[in-house]
file entry-v6.cif (mmCIF, C-alpha atoms (C1' of nucleotides))
data_entry
loop_
_atom_site.group_PDB
_atom_site.id
_atom_site.type_symbol
_atom_site.label_atom_id
_atom_site.label_comp_id
_atom_site.auth_asym_id
_atom_site.auth_seq_id
_atom_site.Cartn_x
_atom_site.Cartn_y
_atom_site.Cartn_z
ATOM 1 C CA MET Q 15 0.000 0.000 0.000
ATOM 2 C CA ARG Q 16 1.095 3.581 -0.513
ATOM 3 C CA ILE Q 17 1.540 6.233 2.107
ATOM 4 C CA GLY Q 18 -1.954 7.643 1.769
ATOM 5 C CA GLU Q 19 -3.632 4.378 2.653
ATOM 6 C CA LEU Q 20 -1.301 3.696 5.545
ATOM 7 C CA SER Q 21 -1.974 7.209 6.746
ATOM 8 C CA GLU Q 22 -5.714 6.690 6.698
ATOM 9 C CA ARG Q 23 -5.621 3.248 8.228
ATOM 10 C CA THR Q 24 -3.441 4.350 11.120
ATOM 11 C CA GLY Q 25 -4.824 7.849 11.540
ATOM 12 C CA THR Q 26 -1.309 9.195 11.122
ATOM 13 C CA PRO Q 27 -0.407 12.212 8.980
ATOM 14 C CA ARG Q 28 1.788 11.374 6.009
ATOM 15 C CA ARG Q 29 4.298 13.838 7.333
ATOM 16 C CA LEU Q 30 4.770 11.699 10.417
ATOM 17 C CA LEU Q 31 5.111 8.453 8.515
ATOM 18 C CA ARG Q 32 7.988 10.060 6.637
ATOM 19 C CA TYR Q 33 9.348 11.374 9.900
ATOM 20 C CA TYR Q 34 9.275 7.925 11.510
ATOM 21 C CA GLU Q 35 11.161 6.625 8.520
ATOM 22 C CA GLU Q 36 13.701 9.408 8.818
ATOM 23 C CA GLN Q 37 14.115 8.434 12.472
ATOM 24 C CA GLY Q 38 14.753 4.843 11.497
ATOM 25 C CA LEU Q 39 11.577 3.472 13.059
ATOM 26 C CA ILE Q 40 10.254 2.042 9.799
ATOM 27 C CA VAL Q 41 11.907 1.232 6.508
ATOM 28 C CA ALA Q 42 9.653 1.427 3.490
ATOM 29 C CA ASP Q 43 10.200 -0.286 0.184
ATOM 30 C CA ARG Q 44 10.070 1.884 -2.892
ATOM 31 C CA SER Q 45 8.210 1.050 -6.031
ATOM 32 C CA ALA Q 46 9.661 1.824 -9.452
ATOM 33 C CA ASN Q 47 8.374 5.379 -9.466
ATOM 34 C CA GLY Q 48 9.892 6.190 -6.085
ATOM 35 C CA TYR Q 49 6.666 5.952 -4.118
ATOM 36 C CA ARG Q 50 6.878 4.343 -0.703
ATOM 37 C CA ASP Q 51 5.360 0.866 -0.680
ATOM 38 C CA TYR Q 52 4.208 -0.493 2.659
ATOM 39 C CA ASP Q 53 3.447 -4.029 3.655
ATOM 40 C CA GLU Q 54 0.301 -4.868 5.627
ATOM 41 C CA PHE Q 55 2.587 -5.378 8.588
ATOM 42 C CA PHE Q 56 3.200 -1.651 8.939
ATOM 43 C CA VAL Q 57 -0.339 -0.926 10.022
ATOM 44 C CA ASP Q 58 0.327 -2.626 13.348
ATOM 45 C CA ARG Q 59 3.858 -1.339 13.561
ATOM 46 C CA VAL Q 60 2.810 2.273 13.146
ATOM 47 C CA MET Q 61 0.106 1.861 15.787
ATOM 48 C CA GLN Q 62 2.712 0.427 18.104
ATOM 49 C CA ILE Q 63 5.050 3.333 17.458
ATOM 50 C CA ARG Q 64 2.296 5.852 18.072
ATOM 51 C CA GLY Q 65 1.340 4.139 21.282
ATOM 52 C CA LEU Q 66 4.880 4.226 22.554
ATOM 53 C CA LEU Q 67 5.322 7.863 21.550
ATOM 54 C CA ASP Q 68 2.065 8.717 23.265
ATOM 55 C CA ALA Q 69 3.298 6.918 26.354
ATOM 56 C CA GLY Q 70 6.271 9.238 26.497
ATOM 57 C CA LEU Q 71 9.060 7.271 24.854
ATOM 58 C CA PRO Q 72 11.268 9.240 22.473
ATOM 59 C CA THR Q 73 11.993 7.935 18.983
ATOM 60 C CA ARG Q 74 15.591 7.265 19.960
ATOM 61 C CA ILE Q 75 14.482 4.687 22.517
ATOM 62 C CA ILE Q 76 11.725 3.270 20.377
ATOM 63 C CA ARG Q 77 14.258 2.668 17.637
ATOM 64 C CA GLN Q 78 16.353 0.664 20.077
ATOM 65 C CA ILE Q 79 13.604 -1.517 21.467
ATOM 66 C CA LEU Q 80 11.527 -2.166 18.352
ATOM 67 C CA PRO Q 81 13.887 -4.735 16.830
ATOM 68 C CA CYS Q 82 13.663 -6.808 20.006
ATOM 69 C CA LEU Q 83 9.910 -7.018 19.813
ATOM 70 C CA ASP Q 84 9.572 -8.797 16.520
ATOM 71 C CA LYS Q 85 8.254 -12.298 16.485
ATOM 72 C CA PRO Q 86 11.012 -14.368 14.910
ATOM 73 C CA ARG Q 87 13.303 -13.515 17.774
ATOM 74 C CA ILE Q 88 16.071 -15.875 16.719
ATOM 75 C CA ILE Q 89 17.496 -13.420 14.251
ATOM 76 C CA HIS Q 90 18.063 -10.709 16.798
ATOM 77 C CA PHE Q 91 20.248 -12.509 19.285
ATOM 78 C CA PRO Q 92 23.637 -11.711 17.800
ATOM 79 C CA ASP Q 93 23.303 -7.927 18.117
ATOM 80 C CA ALA Q 94 22.590 -8.111 21.856
ATOM 81 C CA THR Q 95 25.566 -6.221 23.226
ATOM 82 C CA PRO Q 96 25.908 -5.776 26.997
ATOM 83 C CA GLU Q 97 25.135 -2.054 26.658
ATOM 84 C CA MET Q 98 22.005 -2.892 24.708
ATOM 85 C CA ILE Q 99 20.925 -5.302 27.415
ATOM 86 C CA ALA Q 100 21.518 -2.678 30.048
ATOM 87 C CA THR Q 101 19.529 -0.127 28.075
ATOM 88 C CA LEU Q 102 16.659 -2.535 27.665
ATOM 89 C CA GLU Q 103 16.623 -3.395 31.360
ATOM 90 C CA HIS Q 104 16.621 0.277 32.184
ATOM 91 C CA GLU Q 105 13.797 1.030 29.799
ATOM 92 C CA ARG Q 106 11.821 -1.934 31.022
ATOM 93 C CA ASP Q 107 12.072 -0.568 34.558
ATOM 94 C CA ARG Q 108 11.206 2.944 33.480
ATOM 95 C CA MET Q 109 8.168 1.602 31.689
ATOM 96 C CA THR Q 110 7.108 -0.205 34.836
ATOM 97 C CA GLU Q 111 7.382 3.042 36.763
ATOM 98 C CA ARG Q 112 5.325 4.805 34.139
ATOM 99 C CA VAL Q 113 2.712 2.094 34.326
ATOM 100 C CA ASN Q 114 2.499 2.392 38.095
ATOM 101 C CA CYS Q 115 2.239 6.157 37.964
ATOM 102 C CA LEU Q 116 -0.456 5.998 35.309
ATOM 103 C CA ILE Q 117 -2.447 3.353 37.157
ATOM 104 C CA ARG Q 118 -2.228 5.267 40.413
ATOM 105 C CA ASN Q 119 -3.488 8.462 38.867
ATOM 106 C CA ARG Q 120 -6.017 6.835 36.605
ATOM 107 C CA ASP Q 121 -7.534 5.006 39.552
ATOM 108 C CA ALA Q 122 -7.677 8.260 41.454
ATOM 109 C CA ILE Q 123 -9.552 9.827 38.559
ATOM 110 C CA ALA Q 124 -11.879 6.849 38.361
ATOM 111 C CA GLU Q 125 -12.493 7.043 42.080
ATOM 112 C CA TYR Q 126 -13.239 10.723 41.792
ATOM 113 C CA LEU Q 127 -15.639 10.109 38.931
ATOM 114 C CA ASP Q 128 -17.426 7.437 40.906
ATOM 115 C CA ALA Q 129 -17.700 9.743 43.883
ATOM 116 C CA VAL Q 130 -19.014 12.609 41.789
ATOM 117 C CA ARG Q 131 -21.510 10.414 40.027
ATOM 118 C CA THR Q 132 -23.022 8.792 43.084
ATOM 119 C CA ASP Q 133 -23.203 12.213 44.679
ATOM 120 C CA ASP Q 134 -24.730 13.890 41.653
ATOM 121 C CA ARG Q 135 -27.374 11.324 40.920
ATOM 122 C CA PRO Q 136 -29.900 12.547 43.502
ATOM 123 C CA LEU Q 137 -29.454 16.110 42.230
ATOM 124 C CA GLU Q 138 -29.860 15.006 38.624
ATOM 125 C CA SER Q 139 -33.015 13.063 39.356
ATOM 126 C CA THR Q 140 -34.316 16.055 41.302
ATOM 127 C CA THR Q 141 -33.756 18.274 38.292
ATOM 128 C CA ALA Q 142 -35.132 15.673 35.941
ATOM 129 C CA SER Q 143 -38.339 14.904 37.800
ATOM 130 C CA MET L 30 11.207 25.282 52.137
ATOM 131 C CA ARG L 31 12.636 27.394 49.343
ATOM 132 C CA ILE L 32 12.984 26.466 45.698
ATOM 133 C CA GLY L 33 16.533 25.145 46.032
ATOM 134 C CA GLU L 34 15.598 22.521 48.585
ATOM 135 C CA LEU L 35 12.500 21.448 46.666
ATOM 136 C CA SER L 36 14.650 21.210 43.576
ATOM 137 C CA GLU L 37 17.152 18.940 45.291
ATOM 138 C CA ARG L 38 14.573 16.779 46.996
ATOM 139 C CA THR L 39 12.635 16.170 43.808
ATOM 140 C CA GLY L 40 15.554 16.115 41.398
ATOM 141 C CA THR L 41 13.863 18.844 39.410
ATOM 142 C CA PRO L 42 15.650 21.901 38.000
ATOM 143 C CA ARG L 43 14.501 25.177 39.557
ATOM 144 C CA ARG L 44 13.632 26.338 36.084
ATOM 145 C CA LEU L 45 11.024 23.636 35.819
ATOM 146 C CA LEU L 46 9.514 24.304 39.220
ATOM 147 C CA ARG L 47 8.927 27.879 38.069
ATOM 148 C CA TYR L 48 7.609 26.570 34.787
ATOM 149 C CA TYR L 49 5.131 24.272 36.515
ATOM 150 C CA GLU L 50 3.964 27.242 38.536
ATOM 151 C CA GLU L 51 3.611 29.321 35.381
ATOM 152 C CA GLN L 52 1.519 26.491 33.945
ATOM 153 C CA GLY L 53 -0.714 26.510 36.994
ATOM 154 C CA LEU L 54 0.323 23.083 38.238
ATOM 155 C CA ILE L 55 1.551 24.361 41.579
ATOM 156 C CA VAL L 56 0.950 27.570 43.484
ATOM 157 C CA ALA L 57 3.744 28.630 45.797
ATOM 158 C CA ASP L 58 3.432 30.922 48.764
ATOM 159 C CA ARG L 59 5.789 33.861 48.874
ATOM 160 C CA SER L 60 7.730 34.922 51.924
ATOM 161 C CA ALA L 61 8.196 38.598 52.770
ATOM 162 C CA ASN L 62 11.227 38.951 50.513
ATOM 163 C CA GLY L 63 9.447 37.492 47.490
ATOM 164 C CA TYR L 64 11.062 34.066 47.654
ATOM 165 C CA ARG L 65 8.848 31.096 46.875
ATOM 166 C CA ASP L 66 7.961 29.150 50.016
ATOM 167 C CA TYR L 67 6.944 25.525 49.565
ATOM 168 C CA ASP L 68 5.131 23.269 51.962
ATOM 169 C CA GLU L 69 6.341 19.710 52.561
ATOM 170 C CA PHE L 70 3.358 18.626 50.515
ATOM 171 C CA PHE L 71 4.937 19.846 47.299
ATOM 172 C CA VAL L 72 7.634 17.188 47.328
ATOM 173 C CA ASP L 73 5.055 14.541 46.536
ATOM 174 C CA ARG L 74 3.103 16.793 44.246
ATOM 175 C CA VAL L 75 6.108 17.599 42.105
ATOM 176 C CA MET L 76 7.003 13.922 41.854
ATOM 177 C CA GLN L 77 3.464 13.228 40.757
ATOM 178 C CA ILE L 78 3.628 15.949 38.118
ATOM 179 C CA ARG L 79 6.924 14.650 36.801
ATOM 180 C CA GLY L 80 5.579 11.134 36.633
ATOM 181 C CA LEU L 81 2.582 12.257 34.622
ATOM 182 C CA LEU L 82 4.710 14.364 32.298
ATOM 183 C CA ASP L 83 7.042 11.447 31.809
ATOM 184 C CA ALA L 84 4.047 9.278 30.993
ATOM 185 C CA GLY L 85 3.171 11.596 28.158
ATOM 186 C CA LEU L 86 0.500 13.855 29.606
ATOM 187 C CA PRO L 87 0.791 17.534 28.713
ATOM 188 C CA THR L 88 0.666 20.191 31.437
ATOM 189 C CA ARG L 89 -2.723 21.343 30.176
ATOM 190 C CA ILE L 90 -4.255 17.975 31.040
ATOM 191 C CA ILE L 91 -2.320 17.569 34.259
ATOM 192 C CA ARG L 92 -3.638 20.930 35.392
ATOM 193 C CA GLN L 93 -7.166 19.686 34.852
ATOM 194 C CA ILE L 94 -6.861 16.391 36.629
ATOM 195 C CA LEU L 95 -4.652 17.348 39.565
ATOM 196 C CA PRO L 96 -7.404 19.087 41.569
ATOM 197 C CA CYS L 97 -9.495 15.912 41.436
ATOM 198 C CA LEU L 98 -6.744 13.848 42.964
ATOM 199 C CA ASP L 99 -6.457 15.634 46.268
ATOM 200 C CA LYS L 100 -7.530 13.819 49.366
ATOM 201 C CA PRO L 101 -10.250 15.995 50.903
ATOM 202 C CA ARG L 102 -12.422 15.371 47.867
ATOM 203 C CA ILE L 103 -15.484 17.072 49.315
ATOM 204 C CA ILE L 104 -14.277 20.489 48.362
ATOM 205 C CA HIS L 105 -13.959 19.690 44.682
ATOM 206 C CA PHE L 106 -17.466 18.536 43.941
ATOM 207 C CA PRO L 107 -18.991 21.893 43.048
ATOM 208 C CA ASP L 108 -16.657 22.608 40.120
ATOM 209 C CA ALA L 109 -17.461 19.327 38.398
ATOM 210 C CA THR L 110 -19.042 20.580 35.189
ATOM 211 C CA PRO L 111 -20.298 18.067 32.628
ATOM 212 C CA GLU L 112 -17.460 18.984 30.262
ATOM 213 C CA MET L 113 -14.959 18.384 33.050
ATOM 214 C CA ILE L 114 -16.474 14.997 33.726
ATOM 215 C CA ALA L 115 -16.289 14.140 30.047
ATOM 216 C CA THR L 116 -12.658 15.249 29.904
ATOM 217 C CA LEU L 117 -11.803 13.148 32.914
ATOM 218 C CA GLU L 118 -13.514 10.089 31.496
ATOM 219 C CA HIS L 119 -11.661 10.570 28.259
ATOM 220 C CA GLU L 120 -8.326 10.970 29.978
ATOM 221 C CA ARG L 121 -8.996 7.993 32.201
ATOM 222 C CA ASP L 122 -9.571 5.875 29.099
ATOM 223 C CA ARG L 123 -6.524 7.254 27.350
ATOM 224 C CA MET L 124 -4.455 6.447 30.405
ATOM 225 C CA THR L 125 -5.767 2.908 30.355
ATOM 226 C CA GLU L 126 -4.748 2.595 26.720
ATOM 227 C CA ARG L 127 -1.315 3.930 27.548
ATOM 228 C CA VAL L 128 -1.003 1.440 30.373
ATOM 229 C CA ASN L 129 -1.934 -1.439 28.098
ATOM 230 C CA CYS L 130 0.483 -0.329 25.413
ATOM 231 C CA LEU L 131 3.277 0.068 27.937
ATOM 232 C CA ILE L 132 2.612 -3.275 29.568
ATOM 233 C CA ARG L 133 2.451 -5.052 26.234
ATOM 234 C CA ASN L 134 5.750 -3.635 25.087
ATOM 235 C CA ARG L 135 7.448 -3.905 28.429
ATOM 236 C CA ASP L 136 6.523 -7.559 28.679
ATOM 237 C CA ALA L 137 7.868 -8.099 25.183
ATOM 238 C CA ILE L 138 11.140 -6.499 26.267
ATOM 239 C CA ALA L 139 11.228 -8.609 29.409
ATOM 240 C CA GLU L 140 10.544 -11.720 27.396
ATOM 241 C CA TYR L 141 13.315 -10.809 25.000
ATOM 242 C CA LEU L 142 15.710 -10.219 27.877
ATOM 243 C CA ASP L 143 14.836 -13.569 29.396
ATOM 244 C CA ALA L 144 15.367 -15.285 26.073
ATOM 245 C CA VAL L 145 18.695 -13.587 25.501
ATOM 246 C CA ARG L 146 19.876 -14.349 28.996
ATOM 247 C CA THR L 147 19.045 -18.033 29.045
ATOM 248 C CA ASP L 148 20.626 -18.302 25.635
ATOM 249 C CA ASP L 149 23.754 -16.406 26.606
ATOM 250 C CA ARG L 150 24.432 -18.145 29.876
ATOM 251 C CA PRO L 151 26.159 -21.205 28.463
ATOM 252 C CA LEU L 152 28.419 -18.960 26.397
ATOM 253 C CA GLU L 153 29.187 -16.784 29.411
ATOM 254 C CA SER L 154 30.091 -19.753 31.591
ATOM 255 C CA THR L 155 32.293 -21.064 28.813
ATOM 256 C CA THR L 156 34.142 -17.772 28.734
ATOM 257 C CA ALA L 157 34.232 -17.524 32.500
ATOM 258 C CA SER L 158 35.558 -20.979 33.267
ATOM 259 C "C1'" DT D 23 -4.068 15.913 -23.397
ATOM 260 C "C1'" DC D 24 -5.634 17.847 -19.424
ATOM 261 C "C1'" DG D 25 -6.997 17.897 -14.574
ATOM 262 C "C1'" DA D 26 -7.423 15.587 -10.224
ATOM 263 C "C1'" DA D 27 -5.391 12.987 -6.959
ATOM 264 C "C1'" DC D 28 -1.798 10.925 -5.731
ATOM 265 C "C1'" DC D 29 3.362 10.838 -4.667
ATOM 266 C "C1'" DC D 30 8.245 12.987 -3.934
ATOM 267 C "C1'" DT D 31 11.812 16.185 -1.360
ATOM 268 C "C1'" DC D 32 12.966 20.253 1.004
ATOM 269 C "C1'" DA D 33 12.427 23.705 4.181
ATOM 270 C "C1'" DC D 34 10.639 26.715 7.246
ATOM 271 C "C1'" DA D 35 7.183 27.356 11.393
ATOM 272 C "C1'" DT D 36 5.198 26.017 15.725
ATOM 273 C "C1'" DT D 37 4.455 23.953 20.264
ATOM 274 C "C1'" DG D 38 5.779 22.028 24.699
ATOM 275 C "C1'" DA D 39 9.267 20.885 27.768
ATOM 276 C "C1'" DT D 40 13.601 22.218 28.781
ATOM 277 C "C1'" DG D 41 18.569 24.659 29.093
ATOM 278 C "C1'" DT D 42 21.140 28.754 30.023
ATOM 279 C "C1'" DG D 43 22.425 33.090 31.252
ATOM 280 C "C1'" DA D 44 21.977 38.077 32.272
ATOM 281 C "C1'" DA D 45 20.806 41.714 35.590
ATOM 282 C "C1'" DG D 46 19.642 42.358 39.925
ATOM 283 C "C1'" DG D 47 17.657 41.780 45.076
ATOM 284 C "C1'" DT D 48 18.336 39.267 49.946
ATOM 285 C "C1'" DC D 49 20.772 37.436 53.611
ATOM 286 C "C1'" DA D 50 24.107 35.244 56.571
ATOM 287 C "C1'" DA D 51 28.930 34.668 57.667
ATOM 288 C "C1'" DG D 52 33.471 36.547 57.782
ATOM 289 C "C1'" DC T 20 30.514 46.014 54.558
ATOM 290 C "C1'" DT T 21 31.581 42.819 51.483
ATOM 291 C "C1'" DT T 22 31.487 38.186 49.548
ATOM 292 C "C1'" DG T 23 29.016 34.113 48.306
ATOM 293 C "C1'" DA T 24 25.039 31.559 47.996
ATOM 294 C "C1'" DC T 25 20.766 31.999 47.674
ATOM 295 C "C1'" DC T 26 16.569 34.094 45.360
ATOM 296 C "C1'" DT T 27 13.883 37.069 41.679
ATOM 297 C "C1'" DT T 28 12.272 38.025 36.593
ATOM 298 C "C1'" DC T 29 13.100 38.099 31.761
ATOM 299 C "C1'" DA T 30 14.555 36.440 27.544
ATOM 300 C "C1'" DC T 31 16.610 33.939 24.250
ATOM 301 C "C1'" DA T 32 18.074 28.982 22.760
ATOM 302 C "C1'" DT T 33 17.329 24.062 21.997
ATOM 303 C "C1'" DC T 34 15.183 19.633 21.011
ATOM 304 C "C1'" DA T 35 11.631 16.478 19.570
ATOM 305 C "C1'" DA T 36 7.283 15.986 17.522
ATOM 306 C "C1'" DT T 37 4.359 18.010 14.378
ATOM 307 C "C1'" DG T 38 2.132 21.482 10.937
ATOM 308 C "C1'" DT T 39 2.264 23.545 6.471
ATOM 309 C "C1'" DG T 40 3.304 24.611 2.010
ATOM 310 C "C1'" DA T 41 6.135 25.233 -2.143
ATOM 311 C "C1'" DG T 42 7.856 23.138 -6.322
ATOM 312 C "C1'" DG T 43 7.665 19.253 -8.950
ATOM 313 C "C1'" DG T 44 6.904 14.242 -10.744
ATOM 314 C "C1'" DT T 45 3.377 10.125 -11.712
ATOM 315 C "C1'" DT T 46 -0.911 8.005 -12.873
ATOM 316 C "C1'" DC T 47 -5.410 7.673 -14.323
ATOM 317 C "C1'" DG T 48 -9.771 8.820 -16.072
ATOM 318 C "C1'" DA T 49 -12.643 12.363 -18.879
#
call {"tool": "encode", "arguments": {"input": "entry-v6.cif", "output": "C-alpha cells"}}
result
Amino acid sequence: MRIGELSERTGTPRRLLRYYEEQGLIVADRSANGYRDYDEFFVDRVMQIRGLLDAGLPTRIIRQILPCLDKPRIIHFPDATPEMIATLEHERDRMTERVNCLIRNRDAIAEYLDAVRTDDRPLESTTAS
Amino acid sequence: MRIGELSERTGTPRRLLRYYEEQGLIVADRSANGYRDYDEFFVDRVMQIRGLLDAGLPTRIIRQILPCLDKPRIIHFPDATPEMIATLEHERDRMTERVNCLIRNRDAIAEYLDAVRTDDRPLESTTAS
DNA sequence: TCGAACCCTCACATTGATGTGAAGGTCAAG
DNA sequence: CTTGACCTTCACATCAATGTGAGGGTTCGA
C-alpha cells in the first residue's frame, strides 16, 4: 500500500510516517516510481510506534527496542551487546514506573468520577423529575 | 522550604519548578522577601507531576486532573461541570490505553531479555571458566 | 491531453518541555 | 561592609514531535 492508505488506516499524517522513517523506526520499500510501498505489517507497527510515543518514549528509545519485539526472535540474538541489554533493562524498569504512575493516577480519577456520580445522581433526578 | 531545597529533593531543576507554577500546576506561597515558600506537601506533588509528564500527559491535562486527585475530595465537587467529567472520562480511558500499550511492550522487552539471557548463559560460563 | 489525486523532497514554522544566562535583590557569615 | 550563595524576573536557545506549504513528478480517467 502507498503512504496515503497507511496514513488513513493508522490515523497518522503522512508527514509523520515520513518522519518515523527518517528516524529509522520504519523502513519502506520503494516502487519503481519512487513511491513508498508499505506491507500490511506496517499498520500494526505504526500503531505500536504511536502508542509508545504517546506513552512518552522518544523515537531514539523506540528505535532501540523495536527490533527486540519482533516475532522471529532468533534473528536478533547476535546484536545483543551488553550495553544494549543494560539499556533494555533500564527502559523496562522505566516503563514499569510509568505504568504504576499511570495506574495510580487513573484510579484516582476513576475514584473521583465514581464519587461525583453517586453524589450527583440525587441532584440530577431532582432536576429531571 | 525554598525552591533550592525542593529542587534537590525532587531532582527537578529550579527552572522547571517555576515553569510548573507558570503552567498553573503548583501555586507557591511567597515569603516577605518574594522568595517562593513551599510546603512539605509539594515534594510529593512535584514527583506526581513529573511522573505524569514522563508518561506523556501535557501540562494542560495535568492541570485539569490534579485538583481531582487531592484527598479531601469534598471540596472539589462543586466545580465538576459536565465537560470536566467528560474530559476526565476521556483521559482515564486514554491512560488505560497507555497502560496497556506500555505493559504489552514492556513484557515483550522482558521476554526478549529472558530469552537472551538463558541463551547467553552457556556462552558466558564457557568464557568464564 | 488535461486535470485531479496521488506521490516525492525540502524547508521553514510552531508547540511544549527544557537549558542557560543576564541583571539584579536578599541574607548570613566573615 | 563585602562576599558568596541563595533568590527574583526576563529572555533567548534548543530539542523532539508536528504542521504547512512550495515546487515538482506520476498516474489515471474524462
call {"tool": "resolve_selection", "arguments": {"input": "entry-v6.cif", "expression": "the PyMOL selection byres ((chain T) within 10 of (chain Q))", "output": "JSON list (two decimals) with C-alpha atoms (C1' of nucleotides), in the coordinates of the input"}}
result
[["chain", "number", "residue", "atom", "x", "y", "z"],
["T", 35, "DA", "C1'", 11.63, 16.48, 19.57],
["T", 36, "DA", "C1'", 7.28, 15.99, 17.52],
["T", 37, "DT", "C1'", 4.36, 18.01, 14.38],
["T", 38, "DG", "C1'", 2.13, 21.48, 10.94],
["T", 39, "DT", "C1'", 2.26, 23.54, 6.47],
["T", 44, "DG", "C1'", 6.90, 14.24, -10.74],
["T", 45, "DT", "C1'", 3.38, 10.12, -11.71]]
call {"tool": "axis_aligned_box", "arguments": {"input": "entry-v6.cif", "around": "stretch 32-44 of chain T", "padding_each_side": "4 Å", "output": "JSON"}}
result
{"center_x": 10.1, "center_y": 21.6, "center_z": 6.0, "size_x": 23.9, "size_y": 22.7, "size_z": 41.5}
call {"tool": "closest_residue", "arguments": {"input": "entry-v6.cif", "among": "L:Lys100, L:Gln77, L:Glu69, L:Gly33", "to": "T:DA24", "atoms": "all atoms listed in the file"}}
result
L:Gly33
call {"tool": "closest_atom_pairs", "arguments": {"input": "entry-v6.cif", "of": "chain L", "to": "chain Q", "cutoff": "10 Å", "atoms": "all atoms listed in the file", "output": "tab-separated table"}}
result
residue	atom	partner	partner_atom	distance
L:Met76	CA	Q:Cys115	CA	9.9
L:Gln77	CA	Q:Cys115	CA	7.7
L:Ile78	CA	Q:Cys115	CA	9.9
L:Arg79	CA	Q:Cys115	CA	9.8
L:Gly80	CA	Q:Cys115	CA	6.1
L:Leu81	CA	Q:Cys115	CA	7.0
L:Leu82	CA	Q:Gly70	CA	7.9
L:Asp83	CA	Q:Gly70	CA	5.8
L:Ala84	CA	Q:Gly70	CA	5.0
L:Gly85	CA	Q:Gly70	CA	4.2
L:Leu86	CA	Q:Gly70	CA	8.0
L:Ile94	CA	Q:Ile123	CA	7.4
L:Leu95	CA	Q:Asn119	CA	9.0
L:Pro96	CA	Q:Ile123	CA	10.0
L:Cys97	CA	Q:Tyr126	CA	6.4
L:Leu98	CA	Q:Ala122	CA	5.9
L:Asp99	CA	Q:Ala122	CA	8.9
L:Lys100	CA	Q:Ala122	CA	9.7
L:Arg102	CA	Q:Tyr126	CA	7.7
L:Ile103	CA	Q:Ala129	CA	9.4
L:His105	CA	Q:Val130	CA	9.2
L:Phe106	CA	Q:Val130	CA	6.5
L:Pro107	CA	Q:Val130	CA	9.4
L:Ala109	CA	Q:Val130	CA	7.7
L:Ile114	CA	Q:Leu127	CA	7.2
L:Ala115	CA	Q:Leu127	CA	9.8
L:Leu117	CA	Q:Ile123	CA	6.9
L:Glu118	CA	Q:Leu127	CA	7.7
L:Glu120	CA	Q:Arg120	CA	8.1
L:Arg121	CA	Q:Arg120	CA	5.4
L:Asp122	CA	Q:Arg120	CA	8.4
L:Arg123	CA	Q:Arg120	CA	9.3
L:Met124	CA	Q:Leu116	CA	6.3
L:Thr125	CA	Q:Arg120	CA	7.4
L:Glu126	CA	Q:Gly65	CA	8.3
L:Arg127	CA	Q:Ala69	CA	5.6
L:Val128	CA	Q:Val113	CA	5.5
L:Asn129	CA	Q:Val113	CA	8.5
L:Cys130	CA	Q:Gly65	CA	6.1
L:Leu131	CA	Q:Met109	CA	6.4
L:Ile132	CA	Q:Val113	CA	7.2
L:Arg133	CA	Q:Gln62	CA	9.8
L:Asn134	CA	Q:Leu83	CA	7.5
L:Arg135	CA	Q:Arg106	CA	5.5
L:Asp136	CA	Q:Arg106	CA	8.1
L:Ala137	CA	Q:Leu83	CA	5.8
L:Ile138	CA	Q:Leu83	CA	6.6
L:Ala139	CA	Q:Arg106	CA	6.9
L:Glu140	CA	Q:Leu83	CA	8.9
L:Tyr141	CA	Q:Cys82	CA	6.4
L:Leu142	CA	Q:Ile99	CA	7.2
L:Ala144	CA	Q:Arg87	CA	8.7
L:Val145	CA	Q:Phe91	CA	6.5
L:Arg146	CA	Q:Ile99	CA	9.2
L:Asp148	CA	Q:Phe91	CA	8.6
L:Asp149	CA	Q:Phe91	CA	9.0
call {"tool": "resolve_selection", "arguments": {"input": "entry-v6.cif", "expression": "the PyMOL selection byres ((chain D and resi 36-51) around 7)", "output": "VMD selection string"}}
result
(chain D and resid 35 52) or (chain T and resid 27)
call {"tool": "residues_around", "arguments": {"input": "entry-v6.cif", "residues": "T:DA41", "least_positions_apart": "5", "cutoff": "12 Å", "atoms": "only C-alpha atoms (C1' of nucleotides)", "output": "list in words"}}
result
DT31, DC32, DA33 and DC34 of chain D
call {"tool": "write_last_selection", "arguments": {"input": "entry-v6.cif", "atoms": "C-alpha atoms (C1' of nucleotides)", "output": "tab-separated table (two decimals), in the coordinates of the input"}}
result
chain	number	residue	atom	x	y	z
D	31	DT	C1'	11.81	16.18	-1.36
D	32	DC	C1'	12.97	20.25	1.00
D	33	DA	C1'	12.43	23.70	4.18
D	34	DC	C1'	10.64	26.72	7.25
call {"tool": "closest_residue", "arguments": {"input": "entry-v6.cif", "among": "Q:Glu97, Q:Arg50, Q:Thr26, Q:Val41", "to": "chain D", "atoms": "all atoms listed in the file"}}
result
Q:Arg50
